[in-house]
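Structure first, commentary second.
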Amino acid sequence: MASYGTTRNRAGKGATYGYKQQSDLIVQCARKCFERKGVRKTTLVQIAHEANMTRELIYYYFSGKDEIVQCVFDLYVQDAMETVRLWCDEWETKEGSCDDLGERLSREAITDAVASMRRFLFKQNGERRPMFAVLDEMGEKRRFMRLTSELVYQAVAESKLAGRVHALFPRLSDEEGPMALKLVLMGVMGVMEGSNARDDAHIVDLLVGDTR
């Protein structure tokens with residue numbers, strides 16, 4: 001499991017697949033418990049029961065609940081980044097010339113980004129995904145947005161899309177493409193979380209309607 005500097009380095013552990021498999025299982029089970037009961041009300045005993053292991057065994061993999069909480073935070077960041085990477089990968093492989101793709105990014109790609117972010121943020125019934133309640137309880141929502149924003153910029157900068165956004169943001173140079181796409185993708189998250197009632201077309205208008 002990827003870590004973003006929040007967990008301690010357990011020297012000598014993690015070298016084998018079995019260790020990683022078990023530690024990932026504990027984090028996934030903790031996530032389920034946190035999203036059902038909340039962080040404060042979840043005990044290590046409950047996490048151990050969910051993972052079908054003993055509480056004592058958890059201490060072989062983690063120093064305690066606080067470290068598990070930070071690993072769940074990392075998992076949420078991973079999920080956000082996977083959403084962005086899938087979007088980048090899809091648009092890198094779209095057929096057409098670079099100029100044509102750059103023009104299509106003005107609406108079609110951003111519409112797809114809105115749909116991807118909607119799936120990440122909300123359940124099918126329109127309710128916010130429970131991870132945001134967990135982040136609120138952790139007091140980590142602001143750090144989640146900041147760290148995700150930094151990683152979105154990195155992902156976009158490393159993709160082929162970075163130089164194809166001049167048609168979307170004509171006032172920006174090609175070198176500023178990664179920043180432009182980062183602002184759009186993070187804007188999607190911010191706008192949609194604040195008002196899920198808005199339809200996708202309206203959100204696209206808010207994000208790119210005045211850039212043409």
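How things are named: the first chain in the structure tokens is A, the next is B, and so on; residues count from 1 in each chain; ligands count from 1 in the order shown.
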
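Excluding stretch 116-131 of chain A and any residue on its chain fewer than 3 positions from it, the residues at most 6 Å away by only C-alpha atoms are Glu35, Ala113 and Val134 of chain A.
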
Write a file of the selected residues as a PDB file, in the first residue's frame, keeping all heavy atoms.
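The resulting out17.pdb:
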ATOM      1  N   GLU A  35     -16.294   3.568   8.664  1.00  0.00           N
ATOM      2  CA  GLU A  35     -17.404   4.104   7.875  1.00  0.00           C
ATOM      3  C   GLU A  35     -18.755   3.669   8.423  1.00  0.00           C
ATOM      4  O   GLU A  35     -19.762   4.325   8.177  1.00  0.00           O
ATOM      5  CB  GLU A  35     -17.233   3.702   6.405  1.00  0.00           C
ATOM      6  CG  GLU A  35     -16.022   4.388   5.764  1.00  0.00           C
ATOM      7  CD  GLU A  35     -15.809   4.021   4.304  1.00  0.00           C
ATOM      8  OE1 GLU A  35     -16.544   3.140   3.784  1.00  0.00           O
ATOM      9  OE2 GLU A  35     -14.907   4.613   3.676  1.00  0.00           O
ATOM     10  N   ALA A 113     -14.789  14.052 -16.687  1.00  0.00           N
ATOM     11  CA  ALA A 113     -14.171  14.255 -15.376  1.00  0.00           C
ATOM     12  C   ALA A 113     -15.229  14.463 -14.306  1.00  0.00           C
ATOM     13  O   ALA A 113     -15.119  13.946 -13.188  1.00  0.00           O
ATOM     14  CB  ALA A 113     -13.218  15.456 -15.412  1.00  0.00           C
ATOM     15  N   VAL A 134     -15.722  10.219   7.704  1.00  0.00           N
ATOM     16  CA  VAL A 134     -14.530   9.755   8.408  1.00  0.00           C
ATOM     17  C   VAL A 134     -13.451  10.833   8.387  1.00  0.00           C
ATOM     18  O   VAL A 134     -12.819  11.125   9.411  1.00  0.00           O
ATOM     19  CB  VAL A 134     -13.991   8.443   7.781  1.00  0.00           C
ATOM     20  CG1 VAL A 134     -12.692   8.027   8.439  1.00  0.00           C
ATOM     21  CG2 VAL A 134     -15.027   7.328   7.908  1.00  0.00           C
TER      22      VAL A 134
END

Of the residues A:Val114, A:Gln70, A:Leu44, A:Gln154, which is the one nearest to A:Asp199, using only C-alpha atoms?
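Comparing A:Val114, A:Gln70, A:Leu44, A:Gln154 against A:Asp199, the winner is A:Val114.
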
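Distances from A:Glu82, A:Asp205, A:Asp112, A:Glu137 to A:Lys41 were compared using only C-alpha atoms, and the smallest one belongs to A:Glu137.
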
Pick the closest to A:Asp200 from A:Lys141, A:Arg40, A:Arg107, A:His49: which is it, counting only C-alpha atoms?
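Distance minimum relative to A:Asp200 lands on A:Arg107.
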
Do a neighbour search on A:Ala80 at 10 Å with only C-alpha atoms, toss out local chain neighbours closer than 5 positions, and write the hits as number ranges by chain.
A: 75, 85, 117, 120-121, 144-145, 148-149, 151-152, 189

The selected residues should be written to file as a tab-separated table (two decimals), in the first residue's frame (atoms: N, CA and C atoms).
chain	number	residue	atom	x	y	z
A	75	LEU	N	-5.32	5.48	2.10
A	75	LEU	CA	-6.17	4.73	1.18
A	75	LEU	C	-7.16	5.65	0.48
A	85	ARG	N	-6.20	9.20	-12.43
A	85	ARG	CA	-5.34	8.48	-13.38
A	85	ARG	C	-6.16	7.77	-14.45
A	117	MET	N	-15.72	12.10	-11.05
A	117	MET	CA	-15.70	12.64	-9.71
A	117	MET	C	-17.02	12.39	-8.98
A	120	PHE	N	-16.86	9.07	-7.58
A	120	PHE	CA	-15.94	9.03	-6.44
A	120	PHE	C	-16.57	9.66	-5.20
A	121	LEU	N	-17.34	10.72	-5.37
A	121	LEU	CA	-17.86	11.49	-4.23
A	121	LEU	C	-19.19	10.96	-3.69
A	144	PHE	N	-6.44	16.25	3.27
A	144	PHE	CA	-6.80	15.37	2.16
A	144	PHE	C	-6.89	16.14	0.86
A	145	MET	N	-7.56	17.29	0.87
A	145	MET	CA	-7.71	18.10	-0.33
A	145	MET	C	-6.36	18.66	-0.78
A	148	THR	N	-4.19	15.67	-2.10
A	148	THR	CA	-4.74	15.19	-3.36
A	148	THR	C	-4.48	16.18	-4.48
A	149	SER	N	-4.61	17.46	-4.17
A	149	SER	CA	-4.35	18.50	-5.16
A	149	SER	C	-2.92	18.43	-5.68
A	151	LEU	N	-0.96	15.81	-5.72
A	151	LEU	CA	-0.76	14.59	-6.48
A	151	LEU	C	-1.49	14.63	-7.83
A	152	VAL	N	-2.63	15.34	-7.88
A	152	VAL	CA	-3.32	15.54	-9.15
A	152	VAL	C	-2.42	16.31	-10.11
A	189	MET	N	-14.32	18.55	-7.71
A	189	MET	CA	-14.52	17.97	-6.39
A	189	MET	C	-15.15	18.98	-5.43

Can you pull out the residues contacting A:Gln28? Cut-off 9 Å, using only C-alpha atoms, and skip same-chain residues under 3 positions away; I want them as a PyMOL selection string.
chain A and resi 23-25+31-33+51+72+75

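Nearest residue to A:Leu147 among A:Val77, A:Val27, A:Ala109, A:Met53 is A:Val77, counting only C-alpha atoms.
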
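Between A:Ile58 and the candidates A:Thr83, A:Thr93, A:Gln46, A:Gln78, the tightest atom-to-atom separation, counting only C-alpha atoms, involves A:Gln46.
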
Which residue out of A:Gly18, A:Glu158, A:Phe73, A:Ala30 has the minimum interatomic distance to A:Asp136 when only C-alpha atoms are used?
A:Phe73
